[in-house]
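Student: So here's target06.tsv (TSV, C-alpha atoms and all ligand atoms).
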```tsv
chain	number	residue	atom	x	y	z
Q	1	MET	CA	76.44	155.63	78.61
Q	2	LYS	CA	80.12	155.19	77.77
Q	3	LYS	CA	81.88	154.01	80.90
Q	4	VAL	CA	85.31	152.64	81.68
Q	5	THR	CA	86.48	150.98	84.90
Q	6	ILE	CA	90.19	151.07	85.68
Q	7	ILE	CA	91.64	148.66	88.23
Q	8	GLY	CA	94.88	149.98	89.70
Q	9	ALA	CA	95.17	153.70	90.42
Q	10	GLY	CA	98.96	153.96	90.48
Q	11	MET	CA	101.01	155.85	87.93
Q	12	VAL	CA	99.71	154.00	84.87
Q	13	GLY	CA	96.07	153.72	85.98
Q	14	ALA	CA	95.81	157.39	86.95
Q	15	THR	CA	97.57	158.58	83.79
Q	16	THR	CA	95.28	156.41	81.66
Q	17	ALA	CA	92.29	157.99	83.41
Q	18	TYR	CA	93.77	161.45	82.81
Q	19	SER	CA	94.26	160.72	79.10
Q	20	ILE	CA	90.66	159.46	78.76
Q	21	ILE	CA	89.44	162.65	80.49
Q	22	ALA	CA	91.62	164.83	78.23
Q	23	LYS	CA	90.18	163.11	75.14
Q	24	ASP	CA	86.63	163.45	76.56
Q	25	THR	CA	86.09	159.88	75.35
Q	26	ALA	CA	83.95	158.39	78.12
Q	27	GLU	CA	81.12	159.81	80.18
Q	28	THR	CA	82.26	158.01	83.33
Q	29	VAL	CA	85.59	156.71	84.56
Q	30	ALA	CA	85.62	154.59	87.74
Q	31	LEU	CA	88.99	153.94	89.39
Q	32	LEU	CA	89.63	151.29	92.00
Q	33	ASP	CA	92.64	150.23	94.00
Q	34	ILE	CA	93.38	148.29	97.18
Q	35	ASN	CA	95.09	151.44	98.45
Q	36	GLU	CA	92.02	153.42	99.40
Q	37	LYS	CA	93.82	156.59	100.39
Q	38	LEU	CA	95.64	156.64	97.06
Q	39	VAL	CA	92.55	156.06	94.95
Q	40	GLN	CA	90.59	158.77	96.81
Q	41	ALA	CA	93.41	161.24	96.22
Q	42	GLN	CA	93.85	160.31	92.56
Q	43	VAL	CA	90.12	160.67	91.90
Q	44	MET	CA	89.97	164.10	93.56
Q	45	ASP	CA	92.94	165.34	91.57
Q	46	LEU	CA	91.51	163.93	88.31
Q	47	GLN	CA	88.09	165.46	88.99
Q	48	HIS	CA	89.73	168.87	89.25
Q	49	SER	CA	91.17	168.47	85.73
Q	50	VAL	CA	87.74	167.90	84.15
Q	51	PRO	CA	86.69	171.60	83.91
Q	52	PHE	CA	89.64	172.15	81.58
Q	53	PHE	CA	88.73	169.29	79.26
Q	54	GLY	CA	85.12	168.17	79.10
Q	55	SER	CA	82.51	166.55	81.23
Q	56	THR	CA	83.79	163.12	82.34
Q	57	GLN	CA	82.44	161.93	85.69
Q	58	VAL	CA	85.30	160.49	87.69
Q	59	LYS	CA	84.58	158.33	90.73
Q	60	VAL	CA	86.10	155.91	93.19
Q	61	GLY	CA	84.76	152.59	92.00
Q	62	THR	CA	84.10	149.02	93.03
Q	63	TYR	CA	83.87	145.91	90.86
Q	64	GLU	CA	80.12	146.62	90.54
Q	65	ASP	CA	81.07	149.49	88.25
Q	66	CYS	CA	82.03	146.88	85.65
Q	67	ARG	CA	78.31	146.00	85.29
Q	68	ASP	CA	77.54	149.03	83.12
Q	69	SER	CA	81.07	149.62	81.78
Q	70	GLN	CA	81.95	148.72	78.20
Q	71	ILE	CA	85.64	148.41	79.06
Q	72	ALA	CA	87.70	147.32	82.06
Q	73	ILE	CA	91.40	148.17	82.13
Q	74	ILE	CA	93.83	146.35	84.42
Q	75	CYS	CA	96.78	148.48	85.55
Q	76	ALA	CA	97.15	146.90	89.00
Q	77	GLY	CA	100.21	145.10	90.25
Q	78	SER	CA	103.93	145.52	90.55
Q	79	ALA	CA	105.97	147.54	88.08
Q	80	GLN	CA	109.56	146.93	86.94
Q	81	LYS	CA	112.29	148.15	89.25
Q	82	PRO	CA	115.58	149.34	87.79
Q	83	GLY	CA	117.44	146.26	86.49
Q	84	GLN	CA	114.29	144.09	86.24
Q	85	ASN	CA	112.79	142.99	82.95
Q	86	ARG	CA	109.05	142.62	82.37
Q	87	LEU	CA	109.04	138.83	82.55
Q	88	ASP	CA	110.51	139.05	86.09
Q	89	LEU	CA	107.10	140.26	87.29
Q	90	ILE	CA	105.24	137.09	86.35
Q	91	GLN	CA	104.82	135.38	89.73
Q	92	GLN	CA	103.56	138.38	91.69
Q	93	ASN	CA	101.36	139.80	88.98
Q	94	SER	CA	99.74	136.60	87.70
Q	95	THR	CA	98.25	135.92	91.14
Q	96	ILE	CA	96.92	139.48	91.51
Q	97	ILE	CA	95.55	139.64	87.97
Q	98	HIS	CA	93.91	136.20	88.07
Q	99	ASP	CA	91.73	137.35	90.94
Q	100	ILE	CA	90.92	140.68	89.28
Q	101	ILE	CA	89.94	139.07	85.95
Q	102	SER	CA	87.48	136.72	87.70
Q	103	LYS	CA	85.89	139.62	89.57
Q	104	ILE	CA	85.47	141.66	86.38
Q	105	PHE	CA	83.77	138.92	84.32
Q	106	GLU	CA	81.64	137.94	87.33
Q	107	GLN	CA	80.04	141.39	87.03
Q	108	ASN	CA	79.82	141.67	83.25
Q	109	ASN	CA	80.22	138.89	80.76
Q	110	ASP	CA	80.21	141.25	77.75
Q	111	ILE	CA	82.88	143.64	78.91
Q	112	ILE	CA	86.00	144.27	76.83
Q	113	LEU	CA	89.14	143.71	78.86
Q	114	ILE	CA	92.36	145.61	78.27
Q	115	ILE	CA	95.41	144.41	80.18
Q	116	VAL	CA	98.27	146.84	80.74
Q	117	THR	CA	100.01	145.15	83.69
Q	118	ASN	CA	103.28	143.40	82.82
Q	119	PRO	CA	104.25	140.94	81.58
Q	120	VAL	CA	101.34	141.97	79.40
Q	121	ASP	CA	101.44	139.16	76.82
Q	122	VAL	CA	101.53	136.34	79.36
Q	123	LEU	CA	98.80	137.94	81.48
Q	124	THR	CA	96.63	138.43	78.38
Q	125	TYR	CA	97.16	134.74	77.58
Q	126	MET	CA	96.15	133.86	81.13
Q	127	ALA	CA	92.92	135.88	80.74
Q	128	VAL	CA	92.11	134.13	77.44
Q	129	LYS	CA	92.75	130.74	79.04
Q	130	MET	CA	90.39	131.62	81.89
Q	131	PHE	CA	87.65	132.84	79.52
Q	132	PRO	CA	88.34	131.28	76.10
Q	133	GLU	CA	84.95	132.27	74.71
Q	134	LYS	CA	85.88	135.94	75.34
Q	135	LYS	CA	89.05	135.83	73.23
Q	136	LYS	CA	87.95	138.66	70.91
Q	137	HIS	CA	87.11	140.79	73.94
Q	138	ILE	CA	90.48	140.34	75.62
Q	139	MET	CA	93.57	142.23	74.57
Q	140	GLY	CA	96.81	143.50	76.04
Q	141	THR	CA	98.27	146.86	75.12
Q	142	GLY	CA	101.14	144.81	73.71
Q	143	THR	CA	103.51	146.75	71.49
Q	144	ILE	CA	101.36	149.85	70.97
Q	145	LEU	CA	103.78	151.71	73.25
Q	146	ASP	CA	106.93	150.29	71.63
Q	147	SER	CA	105.51	151.16	68.20
Q	148	ALA	CA	104.82	154.74	69.32
Q	149	ARG	CA	108.43	155.01	70.52
Q	150	PHE	CA	109.58	153.59	67.17
Q	151	ARG	CA	107.46	156.08	65.20
Q	152	HIS	CA	108.67	158.97	67.35
Q	153	LEU	CA	112.31	158.07	66.73
Q	154	LEU	CA	111.74	157.50	63.00
Q	155	GLY	CA	109.94	160.83	62.81
Q	156	GLU	CA	112.88	162.59	64.45
Q	157	LYS	CA	115.36	160.90	62.16
Q	158	LEU	CA	113.43	161.64	58.96
Q	159	ASN	CA	112.10	165.01	60.13
Q	160	ILE	CA	108.54	163.89	59.45
Q	161	ASN	CA	105.53	164.04	61.75
Q	162	PRO	CA	105.29	160.60	63.49
Q	163	ARG	CA	101.58	160.53	62.65
Q	164	SER	CA	102.64	160.19	58.99
Q	165	ILE	CA	104.83	157.23	59.81
Q	166	HIS	CA	103.28	153.77	59.81
Q	167	ALA	CA	105.67	151.38	61.45
Q	168	TYR	CA	105.23	148.60	63.98
Q	169	ILE	CA	107.18	146.75	66.56
Q	170	VAL	CA	105.65	143.27	66.90
Q	171	GLY	CA	105.95	140.14	69.04
Q	172	GLU	CA	106.50	140.31	72.79
Q	173	HIS	CA	106.20	143.62	74.63
Q	174	GLY	CA	109.69	143.00	75.94
Q	175	ASN	CA	113.14	141.80	75.11
Q	176	SER	CA	112.26	139.45	72.22
Q	177	GLU	CA	110.21	142.03	70.29
Q	178	LEU	CA	111.19	142.90	66.71
Q	179	PRO	CA	110.86	145.77	64.26
Q	180	PHE	CA	108.55	145.10	61.31
Q	181	TRP	CA	110.77	146.98	58.85
Q	182	SER	CA	109.40	145.38	55.71
Q	183	THR	CA	106.12	147.31	56.01
Q	184	ALA	CA	107.44	150.56	57.58
Q	185	MET	CA	106.09	153.43	55.49
Q	186	THR	CA	106.06	157.20	55.49
Q	187	GLY	CA	103.45	158.58	53.15
Q	188	SER	CA	103.67	156.29	50.13
Q	189	MET	CA	107.36	155.51	50.63
Q	190	SER	CA	108.63	152.19	51.94
Q	191	ILE	CA	111.41	153.06	54.41
Q	192	ASN	CA	113.11	149.75	53.67
Q	193	GLU	CA	112.87	149.67	49.91
Q	194	CYS	CA	113.91	153.29	49.45
Q	195	ARG	CA	116.98	152.57	51.61
Q	196	ILE	CA	116.79	155.93	53.34
Q	197	LEU	CA	118.39	154.50	56.47
Q	198	SER	CA	121.57	152.44	56.69
Q	199	GLU	CA	121.47	149.07	58.46
Q	200	THR	CA	123.39	150.60	61.40
Q	201	GLU	CA	120.92	153.49	61.66
Q	202	LYS	CA	118.03	151.02	61.64
Q	203	GLU	CA	119.64	148.89	64.33
Q	204	ASP	CA	120.36	151.91	66.53
Q	205	LEU	CA	116.86	153.20	66.13
Q	206	PHE	CA	115.23	149.91	67.06
Q	207	TYR	CA	117.63	149.50	69.99
Q	208	ALA	CA	116.63	152.94	71.32
Q	209	ALA	CA	112.90	152.17	70.96
Q	210	LYS	CA	113.20	148.75	72.58
Q	211	ASN	CA	115.26	149.95	75.52
Q	212	ALA	CA	113.49	153.25	76.15
Q	213	ALA	CA	111.62	151.86	79.17
Q	214	TYR	CA	114.88	150.93	80.91
Q	215	THR	CA	116.24	154.46	80.40
Q	216	ILE	CA	113.03	156.07	81.68
Q	217	ILE	CA	112.76	153.77	84.70
Q	218	GLU	CA	116.40	154.50	85.56
Q	219	GLY	CA	115.59	158.22	85.60
Q	220	LYS	CA	112.09	158.38	87.15
Q	221	GLN	CA	111.17	154.86	88.37
Q	222	ALA	CA	108.21	154.35	86.04
Q	223	THR	CA	106.83	155.02	82.56
Q	224	TYR	CA	103.26	156.27	82.35
Q	225	TYR	CA	102.51	159.23	80.03
Q	226	ALA	CA	102.90	157.34	76.76
Q	227	ILE	CA	101.17	154.15	77.91
Q	228	GLY	CA	98.35	156.27	79.39
Q	229	ALA	CA	97.89	158.07	76.06
Q	230	GLY	CA	98.13	154.81	74.12
Q	231	THR	CA	95.57	153.05	76.29
Q	232	ALA	CA	93.19	156.01	75.97
Q	233	HIS	CA	93.64	155.79	72.17
Q	234	LEU	CA	92.68	152.11	72.35
Q	235	VAL	CA	89.67	152.92	74.55
Q	236	ASN	CA	88.55	155.58	72.05
Q	237	ALA	CA	88.87	153.07	69.19
Q	238	ILE	CA	86.64	150.59	71.01
Q	239	LEU	CA	84.03	153.02	72.37
Q	240	LYS	CA	83.69	154.80	69.02
Q	241	ASN	CA	84.20	151.78	66.76
Q	242	LYS	CA	87.10	153.52	65.03
Q	243	ARG	CA	88.40	150.43	63.15
Q	244	VAL	CA	91.99	151.57	63.63
Q	245	ILE	CA	94.88	149.16	63.26
Q	246	LEU	CA	96.93	148.70	66.40
Q	247	PRO	CA	99.51	146.09	67.41
Q	248	VAL	CA	97.68	144.82	70.49
Q	249	SER	CA	98.52	141.55	72.18
Q	250	HIS	CA	95.90	138.90	71.44
Q	251	LEU	CA	95.44	135.18	70.94
Q	252	MET	CA	97.06	133.70	67.86
Q	253	GLU	CA	94.86	131.09	66.22
Q	254	GLY	CA	96.97	129.77	63.41
Q	255	GLU	CA	98.21	133.13	62.08
Q	256	PHE	CA	101.67	132.44	60.60
Q	257	GLY	CA	101.52	129.00	62.20
Q	258	PHE	CA	101.24	130.43	65.74
Q	259	GLN	CA	98.83	128.78	68.13
Q	260	ASP	CA	98.09	129.10	71.82
Q	261	VAL	CA	100.13	132.21	72.51
Q	262	CYS	CA	99.30	135.92	72.87
Q	263	LEU	CA	101.57	138.42	71.15
Q	264	SER	CA	101.26	141.60	69.15
Q	265	ILE	CA	100.64	141.77	65.44
Q	266	PRO	CA	98.59	144.58	63.85
Q	267	ALA	CA	94.86	144.01	64.38
Q	268	VAL	CA	91.69	145.95	63.51
Q	269	ILE	CA	90.13	147.41	66.67
Q	270	GLY	CA	86.44	148.22	66.88
Q	271	SER	CA	83.48	148.06	69.23
Q	272	GLU	CA	83.62	144.26	69.21
Q	273	GLY	CA	87.25	144.29	70.37
Q	274	ILE	CA	89.61	142.42	68.05
Q	275	ALA	CA	87.70	142.84	64.80
Q	276	GLY	CA	90.16	141.12	62.45
Q	277	HIS	CA	93.47	141.35	60.67
Q	278	VAL	CA	94.65	142.91	57.45
Q	279	CYS	CA	96.96	140.93	55.16
Q	280	ILE	CA	100.40	140.90	56.80
Q	281	GLN	CA	103.53	139.83	54.95
Q	282	PHE	CA	106.59	139.27	57.06
Q	283	SER	CA	110.00	138.69	55.53
Q	284	GLU	CA	111.61	135.31	56.28
Q	285	LYS	CA	113.95	136.94	58.79
Q	286	GLU	CA	111.06	138.68	60.57
Q	287	LEU	CA	109.04	135.48	60.70
Q	288	LEU	CA	111.96	133.64	62.24
Q	289	GLN	CA	112.37	136.35	64.91
Q	290	LEU	CA	108.63	136.36	65.56
Q	291	ARG	CA	108.75	132.60	66.04
Q	292	GLN	CA	111.52	133.05	68.64
Q	293	SER	CA	109.46	135.72	70.40
Q	294	ALA	CA	106.43	133.38	70.47
Q	295	GLU	CA	108.61	130.58	71.87
Q	296	THR	CA	109.90	132.87	74.66
Q	297	LEU	CA	106.35	133.76	75.64
Q	298	LYS	CA	105.19	130.15	75.56
Q	299	GLN	CA	108.01	129.16	77.89
Q	300	VAL	CA	107.14	131.90	80.39
Q	301	ALA	CA	103.43	131.04	80.24
Q	302	LYS	CA	104.32	127.52	81.43
Q	303	GLU	CA	105.53	129.05	84.71
Q	304	ILE	CA	102.07	130.15	85.75
Q	305	SER	CA	99.31	127.88	86.90
Q	306	PHE	CA	95.67	128.76	86.35
Q	401	LIG	P1	102.14	151.47	90.57
Q	401	LIG	O1	102.85	150.72	91.62
Q	401	LIG	O2	102.25	152.95	90.52
Q	401	LIG	O3	100.58	151.12	90.62
Q	401	LIG	C1	100.09	149.82	90.79
Q	401	LIG	C2	98.83	149.93	91.64
Q	401	LIG	O4	98.20	148.65	91.67
Q	401	LIG	C3	99.10	150.35	93.08
Q	401	LIG	O5	98.42	151.56	93.37
Q	401	LIG	C4	98.56	149.18	93.91
Q	401	LIG	O6	97.95	149.57	95.12
Q	401	LIG	C5	97.54	148.60	92.93
Q	401	LIG	N1	97.15	147.22	93.22
Q	401	LIG	C6	97.95	146.18	93.57
Q	401	LIG	N2	97.20	145.08	93.75
Q	401	LIG	C7	95.92	145.42	93.50
Q	401	LIG	C8	94.69	144.72	93.51
Q	401	LIG	N3	94.62	143.43	93.82
Q	401	LIG	N4	93.55	145.39	93.21
Q	401	LIG	C9	93.60	146.71	92.89
Q	401	LIG	N5	94.74	147.43	92.87
Q	401	LIG	C10	95.88	146.79	93.17
Q	401	LIG	O7	102.61	150.82	89.18
Q	401	LIG	P2	102.45	151.48	87.74
Q	401	LIG	O8	103.68	152.24	87.41
Q	401	LIG	O9	101.11	152.14	87.66
Q	401	LIG	O10	102.47	150.16	86.82
Q	401	LIG	C11	101.37	149.27	86.83
Q	401	LIG	C12	101.63	148.12	85.86
Q	401	LIG	O11	101.67	148.62	84.52
Q	401	LIG	C13	102.99	147.44	86.07
Q	401	LIG	O12	102.85	146.03	85.95
Q	401	LIG	C14	103.86	147.99	84.97
Q	401	LIG	O13	104.91	147.12	84.61
Q	401	LIG	C15	102.81	148.08	83.86
Q	401	LIG	N6	103.18	148.92	82.72
Q	401	LIG	C16	102.84	148.42	81.51
Q	401	LIG	C17	103.16	149.12	80.37
Q	401	LIG	C18	102.80	148.52	79.04
Q	401	LIG	O14	103.22	149.02	77.99
Q	401	LIG	N7	102.04	147.45	79.01
Q	401	LIG	C19	103.82	150.35	80.47
Q	401	LIG	C20	104.13	150.86	81.73
Q	401	LIG	C21	103.81	150.12	82.86
```
Can I see the file as structure tokens?
Tutor:
Amino acid sequence: MKKVTIIGAGMVGATTAYSIIAKDTAETVALLDINEKLVQAQVMDLQHSVPFFGSTQVKVGTYEDCRDSQIAIICAGSAQKPGQNRLDLIQQNSTIIHDIISKIFEQNNDIILIIVTNPVDVLTYMAVKMFPEKKKHIMGTGTILDSARFRHLLGEKLNINPRSIHAYIVGEHGNSELPFWSTAMTGSMSINECRILSETEKEDLFYAAKNAAYTIIEGKQATYYAIGAGTAHLVNAILKNKRVILPVSHLMEGEFGFQDVCLSIPAVIGSEGIAGHVCIQFSEKELLQLRQSAETLKQVAKEISF
């Protein structure tokens, strides 16, 4: 049975559940939250969507649901308020997530853990530190959302379907992230080498992708549709062993000289979690920026004790 347990039934958790239901990816989705009234209501509403999509069983869960789940997704905790950046959430969310991670692995040692809660890279690192032997089973959604925003904007600019654009934002899911222009492609064309965008256009486009969350939060307090869809895509890749390449946050073990930090670079995703990497060639400038991003994350990780 394909089963997913989602911890945190707020905007992101419920939208992730909805996206999994819409994709008809899992047979069962269990949702849990400390706010019992909220989780009951979310589950009822989600159940009523199922007849339009497929046959997913949706239930109010407990940690025991992790026992026969292949994947646990953490969406619990505080979200950014207008004016806050993701790293501002570290103190509150690290305490909440530490407890949740222990409860999940207590139930199922083989489960694959996806962390969505921010700051996602530092919390993913915390999970890997708690369970180092599970490092291939632990990932954060990282820059999958930023990369989707990037592809959307590039698609609009070039008038090409974003699904035919392969371009990544890498590093921190946050202010120190960077665009991986040197491998951005549409079809067989390198966007960089063919010089179809001016340097100013490229800067503007990256700026818009990087700061999209701030604009959305200003207007409607939270972002959830795109991260819900992205997390469901990740779930589908794991449950169906899709071997897709996604820039998830995961432990660096010497890649490009990075050690002991979680950040996003493209990785192969399959039923075993992080299944490997393809050859990645950063330009010198990109590598320098990536190093700065890694340094930022290492500094923030020092603030949490576990
Ligand atoms: P929300 O406030 O709507 O939902 C959070 C839920 O967590 C609440 O329902 C709350 O009751 C629950 N919760 C708190 N402590 C809990 C615990 N110990 N056990 C179970 N449930 C608990 O917030 P949201 O908008 O859904 O955002 C959730 C998280 O996702 C935030 O940290 C936000 O920054 C993050 N987020 C990440 C991305 C990304 O790309 N990684 C994108 C958007 C949001």
Student: Counting all atoms listed in the file, figure out which residue out of Q:Gly140, Q:Pro132, Q:Gly171, Q:Pro82 gets nearest to ligand LIG 401 (chain Q).
Tutor: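 That would be Q:Gly140, the residue with the smallest distance to ligand LIG 401 (chain Q).
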Student: Let me have the centre and edge lengths in Å, one decimal, of the box along x, y and z around every listed atom of ligand LIG 401 (chain Q) with 6 Å of margin on each side, as JSON.
Tutor:
```
{"center_x": 99.2, "center_y": 148.2, "center_z": 86.6, "size_x": 23.4, "size_y": 21.5, "size_z": 29.1}
```
Student: When distances are computed from all atoms listed in the file, which of Q:Ile169, Q:Val116, Q:Met44, Q:Ala213 shows the smallest separation from ligand LIG 401 (chain Q)?
Tutor: Q:Val116
Student: Show me which residues line ligand LIG 401 (chain Q), defined as having an atom within 7 Å of a ligand atom where all atoms listed in the file count, and present them as a PyMOL selection string.
Tutor: chain Q and resi 7-13+32-35+38+75-80+86+96+100+116-120+141-143+145+222-224+227
Student: Please write the residues from the selection above to a file, keeping C-alpha atoms, as a CSV table (one decimal), in the frame of the given file.
Tutor:
```
chain,number,residue,atom,x,y,z
Q,7,ILE,CA,91.6,148.7,88.2
Q,8,GLY,CA,94.9,150.0,89.7
Q,9,ALA,CA,95.2,153.7,90.4
Q,10,GLY,CA,99.0,154.0,90.5
Q,11,MET,CA,101.0,155.8,87.9
Q,12,VAL,CA,99.7,154.0,84.9
Q,13,GLY,CA,96.1,153.7,86.0
Q,32,LEU,CA,89.6,151.3,92.0
Q,33,ASP,CA,92.6,150.2,94.0
Q,34,ILE,CA,93.4,148.3,97.2
Q,35,ASN,CA,95.1,151.4,98.4
Q,38,LEU,CA,95.6,156.6,97.1
Q,75,CYS,CA,96.8,148.5,85.6
Q,76,ALA,CA,97.2,146.9,89.0
Q,77,GLY,CA,100.2,145.1,90.2
Q,78,SER,CA,103.9,145.5,90.6
Q,79,ALA,CA,106.0,147.5,88.1
Q,80,GLN,CA,109.6,146.9,86.9
Q,86,ARG,CA,109.0,142.6,82.4
Q,96,ILE,CA,96.9,139.5,91.5
Q,100,ILE,CA,90.9,140.7,89.3
Q,116,VAL,CA,98.3,146.8,80.7
Q,117,THR,CA,100.0,145.2,83.7
Q,118,ASN,CA,103.3,143.4,82.8
Q,119,PRO,CA,104.2,140.9,81.6
Q,120,VAL,CA,101.3,142.0,79.4
Q,141,THR,CA,98.3,146.9,75.1
Q,142,GLY,CA,101.1,144.8,73.7
Q,143,THR,CA,103.5,146.8,71.5
Q,145,LEU,CA,103.8,151.7,73.2
Q,222,ALA,CA,108.2,154.4,86.0
Q,223,THR,CA,106.8,155.0,82.6
Q,224,TYR,CA,103.3,156.3,82.4
Q,227,ILE,CA,101.2,154.2,77.9
```
Student: Calculated over all atoms listed in the file, which of the candidates Q:Thr183, Q:Gln42, Q:Thr15, Q:Asn241 has the smallest distance to Q:Val58?
Tutor: Q:Gln42
Student: Pick the closest to Q:Leu246 from Q:His166, Q:Lys23, Q:Lys285, Q:Lys210: which is it, counting only C-alpha atoms?
Tutor: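 The closest residue to Q:Leu246 is Q:His166.
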Student: If I take atom CA of Q:Val128 and atom CA of Q:Asp65, how far is one from the other in Å, to one decimal?
Tutor: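 So the two atoms, atom CA of Q:Val128 and atom CA of Q:Asp65, lie 21.8 Å apart.
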Student: Considering all atoms listed in the file, return as a list of chain:residue names whatever protein or nucleic-acid residues lie within 9 Å of Q:Ile90, sequence-local ones (same chain, fewer than 4 positions apart) excluded.
Tutor: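 Close residues of Q:Ile90: Q:Arg86, Q:Ser94, Q:Thr95, Q:Asn118, Q:Pro119, Q:Val122, Q:Leu123, Q:Val300, Q:Ala301, Q:Glu303, Q:Ile304.
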Student: Can you tell me which residues surround stretch 17-19 of chain Q at a distance of at most 9 Å, considering only C-alpha atoms, apart from same-chain residues fewer than 2 positions away, and format the answer as a PyMOL selection string?
Tutor: chain Q and resi 4+6+9+12-15+21-24+29-31+46+49-50+58+225+228-233
Student: Report, in Å to a single decimal, how far apart atom CA of Q:Lys302 and atom CA of Q:Tyr207 are.
Tutor: 28.1 Å
Student: Counting only C-alpha atoms, which residue out of Q:Leu89, Q:Ile104, Q:Val268, Q:Ile71 sits closest to Q:Met1?
Tutor: Q:Ile71
Student: Mind giving me the straight-line distance from atom CA of Q:Leu158 to atom CA of Q:Pro179 in Å, one decimal?
Tutor: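 Those two atoms sit 16.9 Å apart.
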Student: Using the incomplete input, complete stretch 129-134 of chain Q to the level of all heavy atoms; output as a PDB file, in the coordinates of the input.
Tutor:
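Saved as out_5.pdb:
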```
ATOM      1  N   LYS Q 129      92.881 132.122  78.570  1.00  0.00           N
ATOM      2  CA  LYS Q 129      92.750 130.740  79.040  1.00  0.00           C
ATOM      3  C   LYS Q 129      91.618 130.611  80.060  1.00  0.00           C
ATOM      4  O   LYS Q 129      90.929 129.600  80.128  1.00  0.00           O
ATOM      5  CB  LYS Q 129      94.068 130.274  79.691  1.00  0.00           C
ATOM      6  CG  LYS Q 129      95.101 129.881  78.670  1.00  0.00           C
ATOM      7  CD  LYS Q 129      94.580 128.690  77.934  1.00  0.00           C
ATOM      8  CE  LYS Q 129      95.453 128.019  76.979  1.00  0.00           C
ATOM      9  NZ  LYS Q 129      94.849 127.111  76.040  1.00  0.00           N
ATOM     10  N   MET Q 130      91.466 131.653  80.890  1.00  0.00           N
ATOM     11  CA  MET Q 130      90.390 131.620  81.890  1.00  0.00           C
ATOM     12  C   MET Q 130      89.015 131.751  81.237  1.00  0.00           C
ATOM     13  O   MET Q 130      88.049 131.154  81.677  1.00  0.00           O
ATOM     14  CB  MET Q 130      90.580 132.783  82.891  1.00  0.00           C
ATOM     15  CG  MET Q 130      91.753 132.624  83.824  1.00  0.00           C
ATOM     16  SD  MET Q 130      92.072 134.173  84.727  1.00  0.00           S
ATOM     17  CE  MET Q 130      90.658 134.255  85.835  1.00  0.00           C
ATOM     18  N   PHE Q 131      88.943 132.586  80.187  1.00  0.00           N
ATOM     19  CA  PHE Q 131      87.650 132.840  79.520  1.00  0.00           C
ATOM     20  C   PHE Q 131      87.821 132.717  78.000  1.00  0.00           C
ATOM     21  O   PHE Q 131      87.774 133.716  77.278  1.00  0.00           O
ATOM     22  CB  PHE Q 131      87.124 134.246  79.891  1.00  0.00           C
ATOM     23  CG  PHE Q 131      86.765 134.376  81.335  1.00  0.00           C
ATOM     24  CD1 PHE Q 131      87.695 134.866  82.257  1.00  0.00           C
ATOM     25  CD2 PHE Q 131      85.519 133.987  81.803  1.00  0.00           C
ATOM     26  CE1 PHE Q 131      87.381 134.959  83.603  1.00  0.00           C
ATOM     27  CE2 PHE Q 131      85.197 134.072  83.150  1.00  0.00           C
ATOM     28  CZ  PHE Q 131      86.126 134.572  84.053  1.00  0.00           C
ATOM     29  N   PRO Q 132      88.030 131.471  77.518  1.00  0.00           N
ATOM     30  CA  PRO Q 132      88.340 131.280  76.100  1.00  0.00           C
ATOM     31  C   PRO Q 132      87.271 131.840  75.156  1.00  0.00           C
ATOM     32  O   PRO Q 132      87.589 132.325  74.068  1.00  0.00           O
ATOM     33  CB  PRO Q 132      88.465 129.764  75.939  1.00  0.00           C
ATOM     34  CG  PRO Q 132      88.255 129.160  77.266  1.00  0.00           C
ATOM     35  CD  PRO Q 132      87.993 130.222  78.274  1.00  0.00           C
ATOM     36  N   GLU Q 133      86.017 131.790  75.602  1.00  0.00           N
ATOM     37  CA  GLU Q 133      84.950 132.270  74.710  1.00  0.00           C
ATOM     38  C   GLU Q 133      84.979 133.798  74.568  1.00  0.00           C
ATOM     39  O   GLU Q 133      84.300 134.364  73.732  1.00  0.00           O
ATOM     40  CB  GLU Q 133      83.571 131.770  75.200  1.00  0.00           C
ATOM     41  CG  GLU Q 133      83.015 132.384  76.481  1.00  0.00           C
ATOM     42  CD  GLU Q 133      83.705 131.944  77.786  1.00  0.00           C
ATOM     43  OE1 GLU Q 133      84.679 131.168  77.738  1.00  0.00           O
ATOM     44  OE2 GLU Q 133      83.270 132.420  78.849  1.00  0.00           O
ATOM     45  N   LYS Q 134      85.792 134.458  75.386  1.00  0.00           N
ATOM     46  CA  LYS Q 134      85.880 135.940  75.340  1.00  0.00           C
ATOM     47  C   LYS Q 134      87.118 136.404  74.586  1.00  0.00           C
ATOM     48  O   LYS Q 134      87.528 137.561  74.698  1.00  0.00           O
ATOM     49  CB  LYS Q 134      85.942 136.493  76.776  1.00  0.00           C
ATOM     50  CG  LYS Q 134      84.730 136.188  77.592  1.00  0.00           C
ATOM     51  CD  LYS Q 134      83.565 137.000  77.081  1.00  0.00           C
ATOM     52  CE  LYS Q 134      82.249 136.382  77.481  1.00  0.00           C
ATOM     53  NZ  LYS Q 134      81.149 136.722  76.620  1.00  0.00           N
TER      54      LYS Q 134
END
```
